[in-house]
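input.csv, holding CSV, N, CA and C atoms:
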chain,number,residue,atom,x,y,z
T,2,MET,N,0.8,-1.2,0.0
T,2,MET,CA,0.0,0.0,0.0
T,2,MET,C,0.9,1.3,0.0
T,3,TYR,N,2.0,1.2,0.7
T,3,TYR,CA,2.9,2.4,0.8
T,3,TYR,C,3.3,2.8,-0.6
T,4,TRP,N,3.7,1.8,-1.4
T,4,TRP,CA,4.3,2.1,-2.7
T,4,TRP,C,3.2,2.7,-3.7
T,5,ILE,N,2.0,2.2,-3.5
T,5,ILE,CA,0.9,2.8,-4.4
T,5,ILE,C,0.6,4.2,-3.9
T,6,ALA,N,0.6,4.4,-2.6
T,6,ALA,CA,0.4,5.8,-2.1
T,6,ALA,C,1.5,6.7,-2.6
T,7,LEU,N,2.7,6.3,-2.5
T,7,LEU,CA,3.9,7.1,-3.0
T,7,LEU,C,3.8,7.4,-4.5
T,8,ALA,N,3.4,6.3,-5.3
T,8,ALA,CA,3.3,6.5,-6.7
T,8,ALA,C,2.2,7.5,-7.0
T,9,LEU,N,1.1,7.4,-6.4
T,9,LEU,CA,0.0,8.4,-6.6
T,9,LEU,C,0.4,9.8,-6.2
T,10,THR,N,1.1,9.9,-5.1
T,10,THR,CA,1.6,11.2,-4.6
T,10,THR,C,2.5,11.8,-5.6
T,11,LEU,N,3.4,11.0,-6.1
T,11,LEU,CA,4.4,11.5,-7.2
T,11,LEU,C,3.6,11.9,-8.5
T,12,LEU,N,2.6,11.1,-8.8
T,12,LEU,CA,1.8,11.4,-10.0
T,12,LEU,C,1.2,12.8,-9.9
T,13,VAL,N,0.6,13.1,-8.7
T,13,VAL,CA,0.0,14.4,-8.5
T,13,VAL,C,1.1,15.5,-8.7
T,14,ALA,N,2.3,15.3,-8.1
T,14,ALA,CA,3.3,16.3,-8.3
T,14,ALA,C,3.7,16.4,-9.7
T,15,LEU,N,3.8,15.3,-10.4
T,15,LEU,CA,4.2,15.4,-11.9
T,15,LEU,C,3.1,16.1,-12.7
T,16,LEU,N,1.9,15.8,-12.4
T,16,LEU,CA,0.8,16.4,-13.1
T,16,LEU,C,0.8,17.9,-12.9
T,17,HIS,N,1.2,18.4,-11.7
T,17,HIS,CA,1.2,19.8,-11.5
T,17,HIS,C,2.5,20.5,-12.1
T,18,VAL,N,3.5,19.7,-12.3
T,18,VAL,CA,4.6,20.3,-13.1
T,18,VAL,C,4.2,20.4,-14.5
T,19,TYR,N,3.5,19.4,-15.0
T,19,TYR,CA,2.9,19.4,-16.4
T,19,TYR,C,2.0,20.6,-16.5
T,20,PHE,N,1.1,20.8,-15.6
T,20,PHE,CA,0.2,22.0,-15.6
T,20,PHE,C,1.0,23.3,-15.7
T,21,LEU,N,2.1,23.4,-14.9
T,21,LEU,CA,2.9,24.5,-14.9
T,21,LEU,C,3.5,24.8,-16.3
T,22,VAL,N,4.0,23.8,-16.9
T,22,VAL,CA,4.5,23.9,-18.3
T,22,VAL,C,3.4,24.3,-19.3
T,23,LEU,N,2.3,23.7,-19.2
T,23,LEU,CA,1.2,24.0,-20.1
T,23,LEU,C,0.7,25.5,-19.9
T,24,GLU,N,0.6,25.9,-18.7
T,24,GLU,CA,0.1,27.2,-18.4
T,24,GLU,C,1.1,28.4,-18.5
T,25,MET,N,2.3,28.1,-18.2
T,25,MET,CA,3.4,29.1,-18.3
T,25,MET,C,4.0,29.2,-19.7
T,26,PHE,N,4.2,28.1,-20.3
T,26,PHE,CA,5.0,28.1,-21.6
T,26,PHE,C,4.2,27.7,-22.8
T,27,LEU,N,3.2,26.9,-22.7
T,27,LEU,CA,2.5,26.4,-23.9
T,27,LEU,C,1.0,26.9,-24.0
T,28,TRP,N,0.7,27.9,-23.2
T,28,TRP,CA,-0.7,28.4,-23.2
T,28,TRP,C,-1.2,28.8,-24.6
T,29,THR,N,-0.4,29.5,-25.3
T,29,THR,CA,-0.8,30.1,-26.6
T,29,THR,C,-0.3,29.2,-27.8
T,30,ARG,N,0.3,28.0,-27.4
T,30,ARG,CA,0.8,27.1,-28.5
T,30,ARG,C,-0.3,26.0,-28.7
T,31,PRO,N,-0.2,25.3,-29.8
T,31,PRO,CA,-1.2,24.3,-30.2
T,31,PRO,C,-1.6,23.3,-29.0
T,32,LEU,N,-0.7,22.8,-28.3
T,32,LEU,CA,-1.0,21.9,-27.2
T,32,LEU,C,-1.8,22.6,-26.1
T,33,GLY,N,-1.4,23.8,-25.8
T,33,GLY,CA,-2.1,24.5,-24.8
T,33,GLY,C,-3.5,24.9,-25.2
T,34,LEU,N,-3.6,25.3,-26.5
T,34,LEU,CA,-4.9,25.7,-27.0
T,34,LEU,C,-5.9,24.5,-27.0
T,35,LYS,N,-5.4,23.4,-27.4
T,35,LYS,CA,-6.2,22.2,-27.5
T,35,LYS,C,-6.6,21.7,-26.1
T,36,THR,N,-5.6,21.6,-25.2
T,36,THR,CA,-5.8,21.1,-23.8
T,36,THR,C,-6.9,22.0,-23.1
T,37,PHE,N,-6.8,23.3,-23.2
T,37,PHE,CA,-7.7,24.1,-22.5
T,37,PHE,C,-8.9,24.6,-23.3
T,38,ARG,N,-8.9,24.1,-24.5
T,38,ARG,CA,-10.1,24.5,-25.4
T,38,ARG,C,-10.2,26.0,-25.6
T,39,ASN,N,-9.1,26.6,-25.9
T,39,ASN,CA,-9.1,28.1,-26.1
T,39,ASN,C,-8.9,28.4,-27.5
T,40,THR,N,-9.4,29.6,-27.9
T,40,THR,CA,-9.0,30.2,-29.2
T,40,THR,C,-7.7,30.9,-29.0
T,41,PRO,N,-7.0,31.1,-30.1
T,41,PRO,CA,-5.7,31.9,-30.0
T,41,PRO,C,-6.0,33.3,-29.4
T,42,GLU,N,-7.1,33.9,-29.7
T,42,GLU,CA,-7.4,35.3,-29.2
T,42,GLU,C,-7.6,35.2,-27.6
T,43,LYS,N,-8.4,34.3,-27.2
T,43,LYS,CA,-8.6,34.2,-25.8
T,43,LYS,C,-7.4,33.8,-25.0
T,44,ALA,N,-6.6,32.9,-25.6
T,44,ALA,CA,-5.3,32.5,-25.0
T,44,ALA,C,-4.4,33.7,-24.8
T,45,GLU,N,-4.3,34.5,-25.9
T,45,GLU,CA,-3.4,35.6,-25.8
T,45,GLU,C,-3.9,36.6,-24.7
T,46,ALA,N,-5.2,36.8,-24.7
T,46,ALA,CA,-5.7,37.8,-23.7
T,46,ALA,C,-5.6,37.3,-22.3
T,47,THR,N,-5.5,36.0,-22.0
T,47,THR,CA,-5.4,35.4,-20.7
T,47,THR,C,-4.0,34.9,-20.4
T,48,ARG,N,-3.0,35.1,-21.2
T,48,ARG,CA,-1.7,34.6,-21.1
T,48,ARG,C,-1.1,34.8,-19.8
T,49,VAL,N,-1.1,36.1,-19.3
T,49,VAL,CA,-0.5,36.4,-18.0
T,49,VAL,C,-1.2,35.7,-16.8
T,50,LEU,N,-2.5,35.7,-16.9
T,50,LEU,CA,-3.3,35.0,-15.8
T,50,LEU,C,-2.9,33.5,-15.8
T,51,ALA,N,-2.8,32.9,-16.9
T,51,ALA,CA,-2.5,31.5,-17.0
T,51,ALA,C,-1.1,31.2,-16.5
T,52,ALA,N,-0.1,32.1,-16.8
T,52,ALA,CA,1.2,31.9,-16.3
T,52,ALA,C,1.3,32.0,-14.8
T,53,ASN,N,0.5,32.9,-14.2
T,53,ASN,CA,0.4,33.0,-12.7
T,53,ASN,C,-0.2,31.8,-12.2
T,54,GLN,N,-1.2,31.3,-12.8
T,54,GLN,CA,-1.8,30.0,-12.3
T,54,GLN,C,-0.8,28.9,-12.4
T,55,GLY,N,-0.1,28.8,-13.5
T,55,GLY,CA,1.0,27.8,-13.7
T,55,GLY,C,2.0,27.9,-12.5
T,56,LEU,N,2.4,29.1,-12.2
T,56,LEU,CA,3.3,29.2,-11.1
T,56,LEU,C,2.8,28.6,-9.8
T,57,TYR,N,1.5,28.8,-9.5
T,57,TYR,CA,0.9,28.2,-8.3
T,57,TYR,C,0.9,26.7,-8.4
T,58,ASN,N,0.6,26.2,-9.6
T,58,ASN,CA,0.7,24.7,-9.7
T,58,ASN,C,2.1,24.2,-9.4
T,59,GLY,N,3.1,25.0,-9.8
T,59,GLY,CA,4.5,24.6,-9.5
T,59,GLY,C,4.7,24.6,-8.0
T,60,PHE,N,4.2,25.6,-7.3
T,60,PHE,CA,4.3,25.6,-5.9
T,60,PHE,C,3.7,24.4,-5.2
T,61,LEU,N,2.5,23.9,-5.7
T,61,LEU,CA,1.9,22.7,-5.2
T,61,LEU,C,2.8,21.5,-5.4
T,62,ALA,N,3.4,21.4,-6.6
T,62,ALA,CA,4.3,20.3,-6.9
T,62,ALA,C,5.5,20.4,-6.0
T,63,ALA,N,6.0,21.6,-5.8
T,63,ALA,CA,7.2,21.8,-4.9
T,63,ALA,C,6.9,21.4,-3.5
T,64,GLY,N,5.7,21.7,-3.0
T,64,GLY,CA,5.4,21.3,-1.6
T,64,GLY,C,5.3,19.8,-1.5
T,65,ILE,N,4.8,19.1,-2.4
T,65,ILE,CA,4.7,17.7,-2.4
T,65,ILE,C,6.1,17.1,-2.4
T,66,VAL,N,6.9,17.5,-3.4
T,66,VAL,CA,8.3,16.9,-3.5
T,66,VAL,C,9.1,17.3,-2.3
T,67,LEU,N,9.1,18.5,-1.9
T,67,LEU,CA,9.9,18.9,-0.7
T,67,LEU,C,9.5,18.1,0.5
T,68,GLY,N,8.2,17.9,0.7
T,68,GLY,CA,7.7,17.1,1.8
T,68,GLY,C,8.2,15.7,1.8
T,69,LEU,N,8.2,15.1,0.6
T,69,LEU,CA,8.7,13.7,0.4
T,69,LEU,C,10.2,13.7,0.7
T,70,VAL,N,11.0,14.6,0.1
T,70,VAL,CA,12.4,14.6,0.3
T,70,VAL,C,12.8,14.8,1.7
T,71,LEU,N,12.1,15.7,2.4
T,71,LEU,CA,12.5,16.0,3.8
T,71,LEU,C,11.8,15.1,4.8
T,72,ALA,N,11.0,14.2,4.3
T,72,ALA,CA,10.2,13.3,5.1
T,72,ALA,C,9.3,14.0,6.1
T,73,GLN,N,8.6,15.0,5.5
T,73,GLN,CA,7.6,15.8,6.3
T,73,GLN,C,6.2,15.5,5.8
T,74,PRO,N,5.6,14.5,6.4
T,74,PRO,CA,4.3,14.1,5.9
T,74,PRO,C,3.2,15.2,6.0
T,75,VAL,N,3.4,16.0,7.0
T,75,VAL,CA,2.4,17.1,7.2
T,75,VAL,C,2.4,18.0,5.9
T,76,LEU,N,3.6,18.3,5.4
T,76,LEU,CA,3.7,19.2,4.2
T,76,LEU,C,3.1,18.5,3.0
T,77,VAL,N,3.4,17.2,2.9
T,77,VAL,CA,2.8,16.4,1.8
T,77,VAL,C,1.3,16.4,1.9
T,78,THR,N,0.8,16.2,3.1
T,78,THR,CA,-0.7,16.1,3.3
T,78,THR,C,-1.3,17.5,3.0
T,79,PHE,N,-0.7,18.5,3.5
T,79,PHE,CA,-1.2,19.9,3.3
T,79,PHE,C,-1.2,20.2,1.8
T,80,SER,N,-0.1,19.9,1.1
T,80,SER,CA,0.0,20.2,-0.4
T,80,SER,C,-1.1,19.4,-1.1
T,81,LEU,N,-1.3,18.1,-0.8
T,81,LEU,CA,-2.3,17.3,-1.5
T,81,LEU,C,-3.7,17.9,-1.2
T,82,ALA,N,-3.9,18.3,0.1
T,82,ALA,CA,-5.2,18.9,0.4
T,82,ALA,C,-5.5,20.2,-0.4
T,83,CYS,N,-4.4,21.0,-0.6
T,83,CYS,CA,-4.5,22.2,-1.4
T,83,CYS,C,-4.9,21.8,-2.8
T,84,VAL,N,-4.3,20.7,-3.4
T,84,VAL,CA,-4.7,20.3,-4.7
T,84,VAL,C,-6.1,19.9,-4.8
T,85,VAL,N,-6.6,19.2,-3.7
T,85,VAL,CA,-8.0,18.8,-3.7
T,85,VAL,C,-8.9,20.1,-3.7
T,86,VAL,N,-8.6,21.0,-2.9
T,86,VAL,CA,-9.4,22.3,-2.9
T,86,VAL,C,-9.4,23.0,-4.2
T,87,ALA,N,-8.2,23.1,-4.8
T,87,ALA,CA,-8.1,23.7,-6.1
T,87,ALA,C,-8.9,23.0,-7.2
T,88,GLY,N,-8.8,21.6,-7.1
T,88,GLY,CA,-9.5,20.8,-8.1
T,88,GLY,C,-11.0,21.0,-7.9
T,89,CYS,N,-11.5,21.0,-6.7
T,89,CYS,CA,-12.9,21.2,-6.4
T,89,CYS,C,-13.4,22.6,-6.9
T,90,TYR,N,-12.6,23.6,-6.6
T,90,TYR,CA,-13.0,25.0,-7.1
T,90,TYR,C,-12.9,25.1,-8.6
T,91,GLY,N,-11.9,24.4,-9.2
T,91,GLY,CA,-11.9,24.4,-10.7
T,91,GLY,C,-13.1,23.7,-11.3
T,92,ALA,N,-13.5,22.6,-10.7
T,92,ALA,CA,-14.7,21.9,-11.2
T,92,ALA,C,-15.9,22.8,-11.0
T,93,TYR,N,-16.0,23.5,-10.0
T,93,TYR,CA,-17.2,24.4,-9.7
T,93,TYR,C,-17.1,25.6,-10.7
T,94,SER,N,-16.0,26.2,-10.9
T,94,SER,CA,-15.9,27.5,-11.6
T,94,SER,C,-15.6,27.3,-13.1
T,95,VAL,N,-15.0,26.2,-13.5
T,95,VAL,CA,-14.6,26.1,-14.9
T,95,VAL,C,-15.2,24.9,-15.6
T,96,SER,N,-14.8,23.7,-15.1
T,96,SER,CA,-15.3,22.5,-15.8
T,96,SER,C,-15.2,21.3,-14.8
T,97,ARG,N,-16.2,20.5,-14.8
T,97,ARG,CA,-16.2,19.3,-13.9
T,97,ARG,C,-15.1,18.3,-14.2
T,98,ARG,N,-14.5,18.3,-15.4
T,98,ARG,CA,-13.5,17.4,-15.7
T,98,ARG,C,-12.2,17.7,-14.9
T,99,ILE,N,-12.1,19.0,-14.4
T,99,ILE,CA,-10.9,19.3,-13.6
T,99,ILE,C,-11.0,18.5,-12.3
T,100,PHE,N,-12.2,18.2,-11.8
T,100,PHE,CA,-12.2,17.4,-10.6
T,100,PHE,C,-11.6,16.0,-10.8
T,101,MET,N,-11.9,15.4,-12.0
T,101,MET,CA,-11.4,14.1,-12.3
T,101,MET,C,-9.9,14.1,-12.5
T,102,ILE,N,-9.4,15.2,-13.2
T,102,ILE,CA,-8.0,15.2,-13.5
T,102,ILE,C,-7.1,15.7,-12.4
T,103,GLN,N,-7.6,16.6,-11.6
T,103,GLN,CA,-6.8,17.2,-10.5
T,103,GLN,C,-7.1,16.7,-9.1
T,104,ALA,N,-8.4,16.7,-8.8
T,104,ALA,CA,-8.8,16.4,-7.4
T,104,ALA,C,-8.8,14.9,-7.1
T,105,VAL,N,-9.3,14.1,-8.0
T,105,VAL,CA,-9.4,12.6,-7.7
T,105,VAL,C,-8.0,12.0,-7.4
T,106,PRO,N,-7.0,12.2,-8.2
T,106,PRO,CA,-5.7,11.6,-7.9
T,106,PRO,C,-5.2,12.0,-6.5
T,107,ALA,N,-5.4,13.3,-6.2
T,107,ALA,CA,-5.0,13.8,-4.9
T,107,ALA,C,-5.8,13.2,-3.7
T,108,ILE,N,-7.1,13.0,-3.9
T,108,ILE,CA,-8.0,12.4,-2.9
T,108,ILE,C,-7.5,10.9,-2.7
T,109,LEU,N,-7.3,10.2,-3.8
T,109,LEU,CA,-6.8,8.8,-3.7
T,109,LEU,C,-5.5,8.8,-3.0
T,110,ALA,N,-4.6,9.7,-3.3
T,110,ALA,CA,-3.2,9.7,-2.7
T,110,ALA,C,-3.4,10.0,-1.1
T,111,LEU,N,-4.3,10.9,-0.8
T,111,LEU,CA,-4.5,11.2,0.6
T,111,LEU,C,-5.1,9.9,1.4
T,112,ILE,N,-6.0,9.3,0.8
T,112,ILE,CA,-6.6,8.1,1.4
T,112,ILE,C,-5.6,7.0,1.5
T,113,LEU,N,-4.8,6.7,0.5
T,113,LEU,CA,-3.9,5.7,0.6
T,113,LEU,C,-2.7,6.0,1.5
T,114,ARG,N,-2.3,7.3,1.6
T,114,ARG,CA,-1.3,7.7,2.6
T,114,ARG,C,-1.8,7.5,4.0
T,115,ALA,N,-3.1,7.7,4.2
T,115,ALA,CA,-3.7,7.6,5.5
T,115,ALA,C,-3.8,6.1,6.0
T,116,VAL,N,-4.0,5.2,5.1
T,116,VAL,CA,-4.1,3.8,5.5
T,116,VAL,C,-2.8,3.0,5.3
T,117,ALA,N,-1.8,3.7,4.7
T,117,ALA,CA,-0.5,2.9,4.5
T,117,ALA,C,0.4,3.0,5.8

This entry written out as structure tokens:
Amino acid sequence: MYWIALALTLLVALLHVYFLVLEMFLWTRPLGLKTFRNTPEKAEATRVLAANQGLYNGFLAAGIVLGLVLAQPVLVTFSLACVVVAGCYGAYSVSRRIFMIQAVPAILALILRAVA
């Protein structure tokens, strides 16, 4: 169970690094446009906001990784909980699919970490 929890926790961190790249560097590129279902005009108009959001996703990933490296489970748990809250808010305010992509892996990681 420990290894599955660790793998899911690392997956959440990797997803947030990927979100950082998409939002900070690929927002106006074809992959970013397709992923977020944006038009080039809308992407250009929201480029700075997306980069800011990407930076926050990087902080979430950093909190998870730093917590794992320093063996600080409270930091890992806090970071995963922040991901769940962000995923729930994204589902409420933007698209329900954000819940599945962002919140569900973090919820599963939290549950498995609790029982491992």

If you run DSSP on this backbone, which residues of region 8-111 of chain T come out as alpha helix (DSSP H), and could you give them as a short mmCIF file (atom, residue, chain, number, x, y, z; two decimals) with N, CA and C atoms, in the frame of the given file?
data_model
loop_
_atom_site.label_atom_id
_atom_site.label_comp_id
_atom_site.auth_asym_id
_atom_site.auth_seq_id
_atom_site.Cartn_x
_atom_site.Cartn_y
_atom_site.Cartn_z
N ALA T 8 3.40 6.30 -5.30
CA ALA T 8 3.30 6.50 -6.70
C ALA T 8 2.20 7.50 -7.00
N LEU T 9 1.10 7.40 -6.40
CA LEU T 9 0.00 8.40 -6.60
C LEU T 9 0.40 9.80 -6.20
N THR T 10 1.10 9.90 -5.10
CA THR T 10 1.60 11.20 -4.60
C THR T 10 2.50 11.80 -5.60
N LEU T 11 3.40 11.00 -6.10
CA LEU T 11 4.40 11.50 -7.20
C LEU T 11 3.60 11.90 -8.50
N LEU T 12 2.60 11.10 -8.80
CA LEU T 12 1.80 11.40 -10.00
C LEU T 12 1.20 12.80 -9.90
N VAL T 13 0.60 13.10 -8.70
CA VAL T 13 0.00 14.40 -8.50
C VAL T 13 1.10 15.50 -8.70
N ALA T 14 2.30 15.30 -8.10
CA ALA T 14 3.30 16.30 -8.30
C ALA T 14 3.70 16.40 -9.70
N LEU T 15 3.80 15.30 -10.40
CA LEU T 15 4.20 15.40 -11.90
C LEU T 15 3.10 16.10 -12.70
N LEU T 16 1.90 15.80 -12.40
CA LEU T 16 0.80 16.40 -13.10
C LEU T 16 0.80 17.90 -12.90
N HIS T 17 1.20 18.40 -11.70
CA HIS T 17 1.20 19.80 -11.50
C HIS T 17 2.50 20.50 -12.10
N VAL T 18 3.50 19.70 -12.30
CA VAL T 18 4.60 20.30 -13.10
C VAL T 18 4.20 20.40 -14.50
N TYR T 19 3.50 19.40 -15.00
CA TYR T 19 2.90 19.40 -16.40
C TYR T 19 2.00 20.60 -16.50
N PHE T 20 1.10 20.80 -15.60
CA PHE T 20 0.20 22.00 -15.60
C PHE T 20 1.00 23.30 -15.70
N LEU T 21 2.10 23.40 -14.90
CA LEU T 21 2.90 24.50 -14.90
C LEU T 21 3.50 24.80 -16.30
N VAL T 22 4.00 23.80 -16.90
CA VAL T 22 4.50 23.90 -18.30
C VAL T 22 3.40 24.30 -19.30
N LEU T 23 2.30 23.70 -19.20
CA LEU T 23 1.20 24.00 -20.10
C LEU T 23 0.70 25.50 -19.90
N GLU T 24 0.60 25.90 -18.70
CA GLU T 24 0.10 27.20 -18.40
C GLU T 24 1.10 28.40 -18.50
N MET T 25 2.30 28.10 -18.20
CA MET T 25 3.40 29.10 -18.30
C MET T 25 4.00 29.20 -19.70
N PRO T 31 -0.20 25.30 -29.80
CA PRO T 31 -1.20 24.30 -30.20
C PRO T 31 -1.60 23.30 -29.00
N LEU T 32 -0.70 22.80 -28.30
CA LEU T 32 -1.00 21.90 -27.20
C LEU T 32 -1.80 22.60 -26.10
N GLY T 33 -1.40 23.80 -25.80
CA GLY T 33 -2.10 24.50 -24.80
C GLY T 33 -3.50 24.90 -25.20
N LEU T 34 -3.60 25.30 -26.50
CA LEU T 34 -4.90 25.70 -27.00
C LEU T 34 -5.90 24.50 -27.00
N LYS T 35 -5.40 23.40 -27.40
CA LYS T 35 -6.20 22.20 -27.50
C LYS T 35 -6.60 21.70 -26.10
N THR T 36 -5.60 21.60 -25.20
CA THR T 36 -5.80 21.10 -23.80
C THR T 36 -6.90 22.00 -23.10
N PHE T 37 -6.80 23.30 -23.20
CA PHE T 37 -7.70 24.10 -22.50
C PHE T 37 -8.90 24.60 -23.30
N PRO T 41 -7.00 31.10 -30.10
CA PRO T 41 -5.70 31.90 -30.00
C PRO T 41 -6.00 33.30 -29.40
N GLU T 42 -7.10 33.90 -29.70
CA GLU T 42 -7.40 35.30 -29.20
C GLU T 42 -7.60 35.20 -27.60
N LYS T 43 -8.40 34.30 -27.20
CA LYS T 43 -8.60 34.20 -25.80
C LYS T 43 -7.40 33.80 -25.00
N ALA T 44 -6.60 32.90 -25.60
CA ALA T 44 -5.30 32.50 -25.00
C ALA T 44 -4.40 33.70 -24.80
N GLU T 45 -4.30 34.50 -25.90
CA GLU T 45 -3.40 35.60 -25.80
C GLU T 45 -3.90 36.60 -24.70
N ALA T 46 -5.20 36.80 -24.70
CA ALA T 46 -5.70 37.80 -23.70
C ALA T 46 -5.60 37.30 -22.30
N ARG T 48 -3.00 35.10 -21.20
CA ARG T 48 -1.70 34.60 -21.10
C ARG T 48 -1.10 34.80 -19.80
N VAL T 49 -1.10 36.10 -19.30
CA VAL T 49 -0.50 36.40 -18.00
C VAL T 49 -1.20 35.70 -16.80
N LEU T 50 -2.50 35.70 -16.90
CA LEU T 50 -3.30 35.00 -15.80
C LEU T 50 -2.90 33.50 -15.80
N ALA T 51 -2.80 32.90 -16.90
CA ALA T 51 -2.50 31.50 -17.00
C ALA T 51 -1.10 31.20 -16.50
N ALA T 52 -0.10 32.10 -16.80
CA ALA T 52 1.20 31.90 -16.30
C ALA T 52 1.30 32.00 -14.80
N ASN T 53 0.50 32.90 -14.20
CA ASN T 53 0.40 33.00 -12.70
C ASN T 53 -0.20 31.80 -12.20
N GLN T 54 -1.20 31.30 -12.80
CA GLN T 54 -1.80 30.00 -12.30
C GLN T 54 -0.80 28.90 -12.40
N GLY T 55 -0.10 28.80 -13.50
CA GLY T 55 1.00 27.80 -13.70
C GLY T 55 2.00 27.90 -12.50
N LEU T 56 2.40 29.10 -12.20
CA LEU T 56 3.30 29.20 -11.10
C LEU T 56 2.80 28.60 -9.80
N TYR T 57 1.50 28.80 -9.50
CA TYR T 57 0.90 28.20 -8.30
C TYR T 57 0.90 26.70 -8.40
N ASN T 58 0.60 26.20 -9.60
CA ASN T 58 0.70 24.70 -9.70
C ASN T 58 2.10 24.20 -9.40
N GLY T 59 3.10 25.00 -9.80
CA GLY T 59 4.50 24.60 -9.50
C GLY T 59 4.70 24.60 -8.00
N PHE T 60 4.20 25.60 -7.30
CA PHE T 60 4.30 25.60 -5.90
C PHE T 60 3.70 24.40 -5.20
N LEU T 61 2.50 23.90 -5.70
CA LEU T 61 1.90 22.70 -5.20
C LEU T 61 2.80 21.50 -5.40
N ALA T 62 3.40 21.40 -6.60
CA ALA T 62 4.30 20.30 -6.90
C ALA T 62 5.50 20.40 -6.00
N ALA T 63 6.00 21.60 -5.80
CA ALA T 63 7.20 21.80 -4.90
C ALA T 63 6.90 21.40 -3.50
N GLY T 64 5.70 21.70 -3.00
CA GLY T 64 5.40 21.30 -1.60
C GLY T 64 5.30 19.80 -1.50
N ILE T 65 4.80 19.10 -2.40
CA ILE T 65 4.70 17.70 -2.40
C ILE T 65 6.10 17.10 -2.40
N VAL T 66 6.90 17.50 -3.40
CA VAL T 66 8.30 16.90 -3.50
C VAL T 66 9.10 17.30 -2.30
N LEU T 67 9.10 18.50 -1.90
CA LEU T 67 9.90 18.90 -0.70
C LEU T 67 9.50 18.10 0.50
N GLY T 68 8.20 17.90 0.70
CA GLY T 68 7.70 17.10 1.80
C GLY T 68 8.20 15.70 1.80
N LEU T 69 8.20 15.10 0.60
CA LEU T 69 8.70 13.70 0.40
C LEU T 69 10.20 13.70 0.70
N VAL T 70 11.00 14.60 0.10
CA VAL T 70 12.40 14.60 0.30
C VAL T 70 12.80 14.80 1.70
N PRO T 74 5.60 14.50 6.40
CA PRO T 74 4.30 14.10 5.90
C PRO T 74 3.20 15.20 6.00
N VAL T 75 3.40 16.00 7.00
CA VAL T 75 2.40 17.10 7.20
C VAL T 75 2.40 18.00 5.90
N LEU T 76 3.60 18.30 5.40
CA LEU T 76 3.70 19.20 4.20
C LEU T 76 3.10 18.50 3.00
N VAL T 77 3.40 17.20 2.90
CA VAL T 77 2.80 16.40 1.80
C VAL T 77 1.30 16.40 1.90
N THR T 78 0.80 16.20 3.10
CA THR T 78 -0.70 16.10 3.30
C THR T 78 -1.30 17.50 3.00
N PHE T 79 -0.70 18.50 3.50
CA PHE T 79 -1.20 19.90 3.30
C PHE T 79 -1.20 20.20 1.80
N SER T 80 -0.10 19.90 1.10
CA SER T 80 0.00 20.20 -0.40
C SER T 80 -1.10 19.40 -1.10
N LEU T 81 -1.30 18.10 -0.80
CA LEU T 81 -2.30 17.30 -1.50
C LEU T 81 -3.70 17.90 -1.20
N ALA T 82 -3.90 18.30 0.10
CA ALA T 82 -5.20 18.90 0.40
C ALA T 82 -5.50 20.20 -0.40
N CYS T 83 -4.40 21.00 -0.60
CA CYS T 83 -4.50 22.20 -1.40
C CYS T 83 -4.90 21.80 -2.80
N VAL T 84 -4.30 20.70 -3.40
CA VAL T 84 -4.70 20.30 -4.70
C VAL T 84 -6.10 19.90 -4.80
N VAL T 85 -6.60 19.20 -3.70
CA VAL T 85 -8.00 18.80 -3.70
C VAL T 85 -8.90 20.10 -3.70
N VAL T 86 -8.60 21.00 -2.90
CA VAL T 86 -9.40 22.30 -2.90
C VAL T 86 -9.40 23.00 -4.20
N ALA T 87 -8.20 23.10 -4.80
CA ALA T 87 -8.10 23.70 -6.10
C ALA T 87 -8.90 23.00 -7.20
N GLY T 88 -8.80 21.60 -7.10
CA GLY T 88 -9.50 20.80 -8.10
C GLY T 88 -11.00 21.00 -7.90
N CYS T 89 -11.50 21.00 -6.70
CA CYS T 89 -12.90 21.20 -6.40
C CYS T 89 -13.40 22.60 -6.90
N TYR T 90 -12.60 23.60 -6.60
CA TYR T 90 -13.00 25.00 -7.10
C TYR T 90 -12.90 25.10 -8.60
N GLY T 91 -11.90 24.40 -9.20
CA GLY T 91 -11.90 24.40 -10.70
C GLY T 91 -13.10 23.70 -11.30
N ALA T 92 -13.50 22.60 -10.70
CA ALA T 92 -14.70 21.90 -11.20
C ALA T 92 -15.90 22.80 -11.00
N TYR T 93 -16.00 23.50 -10.00
CA TYR T 93 -17.20 24.40 -9.70
C TYR T 93 -17.10 25.60 -10.70
N SER T 94 -16.00 26.20 -10.90
CA SER T 94 -15.90 27.50 -11.60
C SER T 94 -15.60 27.30 -13.10
N ARG T 98 -14.50 18.30 -15.40
CA ARG T 98 -13.50 17.40 -15.70
C ARG T 98 -12.20 17.70 -14.90
N ILE T 99 -12.10 19.00 -14.40
CA ILE T 99 -10.90 19.30 -13.60
C ILE T 99 -11.00 18.50 -12.30
N VAL T 105 -9.30 14.10 -8.00
CA VAL T 105 -9.40 12.60 -7.70
C VAL T 105 -8.00 12.00 -7.40
N PRO T 106 -7.00 12.20 -8.20
CA PRO T 106 -5.70 11.60 -7.90
C PRO T 106 -5.20 12.00 -6.50
N ALA T 107 -5.40 13.30 -6.20
CA ALA T 107 -5.00 13.80 -4.90
C ALA T 107 -5.80 13.20 -3.70
N ILE T 108 -7.10 13.00 -3.90
CA ILE T 108 -8.00 12.40 -2.90
C ILE T 108 -7.50 10.90 -2.70
N LEU T 109 -7.30 10.20 -3.80
CA LEU T 109 -6.80 8.80 -3.70
C LEU T 109 -5.50 8.80 -3.00
N ALA T 110 -4.60 9.70 -3.30
CA ALA T 110 -3.20 9.70 -2.70
C ALA T 110 -3.40 10.00 -1.10
N LEU T 111 -4.30 10.90 -0.80
CA LEU T 111 -4.50 11.20 0.60
C LEU T 111 -5.10 9.90 1.40
#

### Task
Provide the atom C of Trp4 (chain T) to atom C of Phe20 (chain T) distance in Å, to one decimal place.
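Spanning atom C of Trp4 (chain T) to atom C of Phe20 (chain T) is a straight-line distance of 23.9 Å.
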
For region 65-113 of chain T against region 52-61 of chain T, with a cut-off of 6.5 Å and counting all atoms listed in the file, what is the closest atom pair and its distance in Å to one decimal for every residue that makes the cut, ordered by chain and number, as CSV?
residue,atom,partner,partner_atom,distance
T:Ile65,N,T:Leu61,C,4.3
T:Val66,N,T:Leu61,C,6.1
T:Ser80,CA,T:Leu61,CA,5.7
